[in-house]
file coords_5.cif (mmCIF, C-alpha atoms)
data_query
#
loop_
_atom_site.label_atom_id
_atom_site.label_comp_id
_atom_site.auth_asym_id
_atom_site.auth_seq_id
_atom_site.Cartn_x
_atom_site.Cartn_y
_atom_site.Cartn_z
CA MET M 23 45.20 40.68 -25.44
CA ALA M 24 47.82 41.40 -22.78
CA PRO M 25 45.29 42.27 -19.99
CA PHE M 26 43.37 39.06 -20.72
CA THR M 27 46.51 36.96 -20.43
CA ALA M 28 47.59 38.60 -17.19
CA ILE M 29 44.22 38.29 -15.46
CA SER M 30 43.68 34.73 -16.66
CA LEU M 31 47.07 33.82 -15.32
CA LEU M 32 46.32 35.36 -11.93
CA MET M 33 42.97 33.60 -11.71
CA SER M 34 44.56 30.27 -12.47
CA PHE M 35 46.40 30.68 -9.14
CA ALA M 36 43.16 31.12 -7.16
CA PRO M 37 43.54 27.73 -5.41
CA PHE M 38 46.87 28.95 -4.00
CA GLY M 39 45.50 31.95 -2.13
CA VAL M 40 44.89 34.70 -4.67
CA GLY M 41 41.66 36.39 -3.53
CA ALA M 42 38.64 37.32 -5.66
CA PHE M 43 38.98 40.96 -4.48
CA SER M 44 42.33 41.18 -6.21
CA PHE M 45 40.77 40.11 -9.51
CA VAL M 46 38.06 42.75 -9.31
CA ASP M 47 40.60 45.41 -8.40
CA ILE M 48 42.85 44.47 -11.29
CA ALA M 49 40.00 44.15 -13.76
CA SER M 50 38.69 47.59 -12.88
CA THR M 51 41.88 49.06 -14.35
CA GLY M 52 41.49 47.12 -17.58
CA PRO M 53 39.47 48.09 -20.62
CA CYS M 54 36.67 45.57 -20.18
CA GLY M 55 35.72 46.03 -16.50
CA ILE M 56 33.84 43.47 -14.42
CA SER M 57 32.34 41.72 -17.47
CA PHE M 58 35.88 40.84 -18.48
CA VAL M 59 36.51 39.22 -15.11
CA ALA M 60 33.36 37.13 -15.41
CA LEU M 61 34.46 35.95 -18.83
CA SER M 62 37.92 35.13 -17.52
CA ALA M 63 36.50 33.24 -14.55
CA ILE M 64 34.28 31.11 -16.75
CA SER M 65 37.10 30.30 -19.16
CA THR M 66 39.64 29.53 -16.45
CA PRO M 67 40.33 25.78 -15.96
CA GLY M 68 39.58 24.59 -12.47
CA TYR M 69 37.37 27.53 -11.43
CA ASP M 70 34.04 25.73 -12.00
CA GLU M 71 35.18 22.75 -9.99
CA MET M 72 36.03 24.99 -7.02
CA HIS M 73 32.79 26.96 -6.98
CA LYS M 74 30.36 24.33 -8.18
CA ARG M 75 27.42 23.84 -5.82
CA PRO M 76 26.72 20.24 -4.79
CA ARG M 77 23.55 18.82 -6.27
CA ARG M 78 20.80 17.97 -3.86
CA LYS M 79 19.42 14.49 -4.13
CA MET M 80 15.69 14.48 -4.61
CA PRO M 81 13.90 12.26 -2.09
CA SER M 82 12.50 9.07 -3.57
CA THR M 83 8.72 8.83 -3.78
CA LYS M 84 8.74 5.03 -3.88
CA PRO M 85 7.95 3.27 -0.61
CA ARG M 86 10.80 1.29 0.88
CA HIS M 87 8.73 -0.79 3.30
CA GLY M 88 5.15 -1.86 3.78
CA LYS M 89 4.89 0.33 6.87
CA ASP M 90 5.44 3.34 4.60
CA VAL M 91 2.12 2.75 2.84
CA VAL M 92 -0.04 1.65 5.78
CA GLN M 93 -1.87 4.53 7.42
CA ARG M 94 -2.52 4.30 11.15
CA VAL M 95 -5.90 5.43 12.47
CA GLU M 96 -6.19 6.23 16.17
CA SER M 97 -9.61 7.82 16.67
CA ILE M 98 -13.23 7.35 15.64
CA GLN M 99 -13.26 10.61 13.70
CA GLN M 100 -10.11 9.67 11.85
CA PHE M 101 -11.60 6.29 10.96
CA LYS M 102 -14.63 8.05 9.54
CA ASP M 103 -12.49 10.42 7.48
CA VAL M 104 -9.95 7.88 6.23
CA VAL M 105 -12.09 4.76 5.77
CA ILE M 106 -15.84 5.37 5.82
CA ASN M 107 -15.78 8.53 3.70
CA GLU M 108 -13.18 7.31 1.21
CA PRO M 109 -14.73 8.12 -2.20
CA ASN M 110 -12.43 6.28 -4.61
CA GLN M 111 -10.19 3.62 -3.11
CA ILE M 112 -10.80 0.10 -1.89
CA THR M 113 -9.62 0.13 1.73
CA VAL M 114 -8.17 -2.77 3.69
CA VAL M 115 -8.22 -2.28 7.46
CA ARG M 116 -6.24 -4.33 9.97
CA PHE M 117 -7.37 -4.26 13.60
CA PHE M 118 -4.69 -5.30 16.07
CA ALA M 119 -3.25 -4.84 19.56
CA SER M 120 0.38 -4.13 20.36
CA TYR M 121 0.46 -6.82 23.07
CA CYS M 122 -1.12 -9.50 20.85
CA LYS M 123 1.47 -12.12 19.81
CA SER M 124 -0.61 -13.27 16.86
CA CYS M 125 -0.82 -9.64 15.69
CA GLN M 126 2.94 -9.29 15.97
CA ALA M 127 3.52 -12.50 14.02
CA SER M 128 1.18 -11.57 11.16
CA ALA M 129 2.13 -7.88 10.90
CA PRO M 130 5.09 -8.45 8.49
CA LEU M 131 2.80 -10.39 6.15
CA PHE M 132 0.23 -7.59 6.15
CA TYR M 133 2.95 -5.02 5.45
CA LYS M 134 4.28 -7.23 2.66
CA LEU M 135 0.81 -7.36 1.12
CA ALA M 136 0.49 -3.57 1.34
CA PHE M 137 3.92 -3.10 -0.23
CA SER M 138 3.12 -5.47 -3.11
CA TYR M 139 0.03 -3.45 -4.00
CA ALA M 140 1.73 -0.07 -3.63
CA THR M 141 4.53 -1.10 -6.02
CA HIS M 142 2.37 -3.11 -8.42
CA ASP M 143 2.47 -2.37 -12.15
CA SER M 144 -1.30 -2.16 -12.34
CA PRO M 145 -2.95 1.16 -11.43
CA LEU M 146 -5.87 -0.87 -10.07
CA ALA M 147 -3.59 -2.35 -7.41
CA ARG M 148 -2.03 1.00 -6.57
CA ASN M 149 -5.52 2.36 -5.93
CA VAL M 150 -5.90 0.21 -2.79
CA LYS M 151 -5.49 1.88 0.60
CA PHE M 152 -4.14 -0.01 3.61
CA VAL M 153 -5.02 1.09 7.13
CA GLU M 154 -4.36 -0.29 10.61
CA VAL M 155 -6.26 0.46 13.80
CA PRO M 156 -4.57 -0.42 17.11
CA LEU M 157 -6.63 -1.29 20.17
CA THR M 158 -6.13 1.61 22.57
CA LYS M 159 -8.21 3.63 25.02
CA GLN M 160 -9.09 5.96 22.14
CA THR M 161 -10.14 3.18 19.73
CA LYS M 162 -11.69 0.67 22.14
CA LEU M 163 -15.21 1.95 21.46
CA LEU M 164 -14.52 1.81 17.72
CA HIS M 165 -13.48 -1.84 17.95
CA GLU M 166 -16.61 -2.61 19.94
CA ALA M 167 -18.91 -0.65 17.62
CA LEU M 168 -17.56 -2.51 14.59
CA GLY M 169 -18.02 -5.83 16.33
CA ILE M 170 -14.40 -6.95 16.00
CA PRO M 171 -14.57 -10.54 17.31
CA SER M 172 -10.85 -11.27 17.64
CA LEU M 173 -7.42 -9.90 16.86
CA PRO M 174 -5.90 -9.58 14.39
CA PHE M 175 -8.95 -8.96 12.21
CA SER M 176 -9.54 -7.26 8.87
CA HIS M 177 -12.22 -5.34 7.01
CA ILE M 178 -12.36 -4.59 3.31
CA TYR M 179 -14.32 -1.48 2.30
CA HIS M 180 -15.45 -0.66 -1.21
CA PRO M 181 -16.11 3.02 -2.06
CA ASP M 182 -19.50 2.13 -3.58
CA ALA M 183 -20.68 -0.55 -1.17
CA GLY M 184 -19.02 0.20 2.16
CA LEU M 185 -18.01 -2.74 4.33
CA CYS M 186 -17.80 -5.85 2.13
CA GLU M 187 -15.60 -8.31 3.96
CA GLU M 188 -14.79 -9.27 7.55
CA ARG M 189 -11.96 -11.77 7.96
CA ALA M 190 -9.36 -12.94 10.41
CA VAL M 191 -5.92 -11.79 9.29
CA SER M 192 -3.59 -13.99 11.33
CA LYS M 193 -0.70 -15.83 9.69
CA LYS M 194 -3.04 -18.74 9.03
CA HIS M 195 -5.63 -16.58 7.24
CA ILE M 196 -3.60 -13.85 5.50
CA ALA M 197 -3.64 -15.83 2.21
CA ASP M 198 -7.46 -15.87 2.32
CA VAL M 199 -7.52 -12.10 2.79
CA GLU M 200 -5.16 -11.63 -0.14
CA GLU M 201 -7.28 -13.86 -2.39
CA CYS M 202 -10.42 -12.03 -1.36
CA LEU M 203 -8.80 -8.67 -2.07
CA ARG M 204 -7.78 -9.78 -5.56
CA CYS M 205 -11.43 -10.53 -6.22
CA TYR M 206 -12.42 -6.93 -5.54
CA VAL M 207 -9.42 -5.30 -7.20
CA PHE M 208 -8.90 -7.42 -10.32
CA GLY M 209 -12.26 -9.20 -10.59
CA GLU M 210 -10.64 -12.61 -10.19
CA CYS M 211 -13.55 -14.30 -8.43
CA GLN M 212 -14.54 -17.96 -8.33
CA LEU M 213 -18.30 -17.88 -8.00
CA PRO M 214 -19.86 -20.86 -6.20
CA ASP M 215 -22.39 -23.04 -7.98
CA ASP M 216 -24.71 -22.97 -5.00
CA PRO M 217 -25.50 -19.50 -3.53
CA GLY M 218 -25.61 -21.22 -0.17
CA ASP M 219 -21.85 -21.78 -0.45
CA CYS M 220 -21.19 -18.06 -0.48
CA MET M 221 -19.99 -18.22 3.10
CA GLU M 222 -17.20 -20.60 2.11
CA VAL M 223 -15.89 -18.36 -0.68
CA TYR M 224 -16.40 -14.84 0.58
CA GLY M 225 -16.85 -15.15 4.33
CA GLU M 226 -19.60 -12.82 5.55
CA CYS M 227 -22.08 -12.30 2.71
CA ASP M 228 -25.02 -10.56 4.36
CA LEU M 229 -25.66 -7.51 2.17
CA ASP M 230 -27.14 -5.68 5.16
CA ASP M 231 -24.02 -6.26 7.19
CA GLY M 232 -22.16 -3.09 8.08
CA PRO M 233 -20.56 -1.25 10.98
CA HIS M 234 -22.52 -3.02 13.72
CA GLY M 235 -24.57 -0.76 15.93
CA SER M 236 -22.90 2.38 14.60
CA SER M 237 -24.13 5.51 12.92
CA TRP M 238 -21.66 7.46 10.81
CA GLU M 239 -23.99 10.27 9.87
#
call {"tool": "encode", "arguments": {"input": "coords_5.cif", "output": "structure tokens"}}
result
Amino acid sequence: MAPFTAISLLMSFAPFGVGAFSFVDIASTGPCGISFVALSAISTPGYDEMHKRPRRKMPSTKPRHGKDVVQRVESIQQFKDVVINEPNQITVVRFFASYCKSCQASAPLFYKLAFSYATHDSPLARNVKFVEVPLTKQTKLLHEALGIPSLPFSHIYHPDAGLCEERAVSKKHIADVEECLRCYVFGECQLPDDPGDCMEVYGECDLDDGPHGSSWE
């Protein structure tokens, strides 16, 4: 027991400058060798605190802002891959221009809508994709091909039906877009008594309506 007491005592002074090499050298002369030193180090008060590795914080997977869940598309090919060929998710697309004041004013509301769906308790809501397409030299032809009449403007795409809705998405109309989206996601639809009133409830209702003048084959 004497060697154990001596080595443990020396190791307890490690914070005051006694080196680890000295412990190994001393332990090599004892009856238990290096294994004895390891046992002494583990049982010594204060040793773990000195040599403990700091824990790494795992990055959070939850979005912190609506911008975190809105995917930006900046080319025709990317639009085809992200929106047109989406096999499972309902996709909401916002078309805008960086210089458009109405786009700037309504952007926080669109991001808020995207964030509310991304953090919703329902898996149906979390299965909605939000996309934005800026008007640039690379996307000008895309805006024209889709027949975007004004900015900001929105499309809603269903994986089974393609383009289903075309609506303005300014501050004045964002509530209408949100109500329309709930219809597709949760099935909360108020059907009109007269089919002729479809325009008032759903906006564009032409079943043949699609990406105007475009071929995505």
call {"tool": "resolve_selection", "arguments": {"input": "coords_5.cif", "expression": "the PyMOL selection byres ((chain M and resi 142-154) around 8)", "output": "list in words"}}
result
Val91, Val92, Gln93, Arg94, Val95, Gln111, Ile112, Thr113, Val114, Val115, Arg116, Phe117, Phe118, Ala136, Ser138, Tyr139, Ala140, Thr141, Val155, Pro156, Val207 and Phe208 of chain M
call {"tool": "atom_distance", "arguments": {"input": "coords_5.cif", "atom1": "CA of Asn107 in chain M", "atom2": "CA of Leu203 in chain M"}}
result
19.4 Å
call {"tool": "atom_distance", "arguments": {"input": "coords_5.cif", "atom1": "CA of Ala190 in chain M", "atom2": "CA of Cys122 in chain M"}}
result
13.7 Å
call {"tool": "atom_distance", "arguments": {"input": "coords_5.cif", "atom1": "CA of Lys134 in chain M", "atom2": "CA of His87 in chain M"}}
result
7.9 Å
call {"tool": "resolve_selection", "arguments": {"input": "coords_5.cif", "expression": "the PyMOL selection byres ((chain M and resi 199) around 10)", "output": "list in words"}}
result
Val114, Phe132, Leu135, Ser176, His177, Ile178, Glu187, Glu188, Arg189, Ala190, Val191, Ser192, His195, Ile196, Ala197, Asp198, Glu200, Glu201, Cys202, Leu203, Arg204, Cys205, Tyr224 and Gly225 of chain M
call {"tool": "resolve_selection", "arguments": {"input": "coords_5.cif", "expression": "the PyMOL selection byres ((chain M and resi 97-105) around 8)", "output": "MDAnalysis selection string"}}
result
chainID M and resid 95:96 106:108 113 160:161 164 179 238
call {"tool": "axis_aligned_box", "arguments": {"input": "coords_5.cif", "around": "range 184-200 of chain M", "padding_each_side": "6 Å", "output": "JSON"}}
result
{"center_x": -9.9, "center_y": -9.3, "center_z": 5.6, "size_x": 30.3, "size_y": 30.9, "size_z": 23.5}
call {"tool": "closest_residue", "arguments": {"input": "coords_5.cif", "among": "M:Tyr121, M:Phe175, M:Tyr133, M:Tyr206", "to": "Lys89 in chain M", "atoms": "all atoms listed in the file"}}
result
M:Tyr133
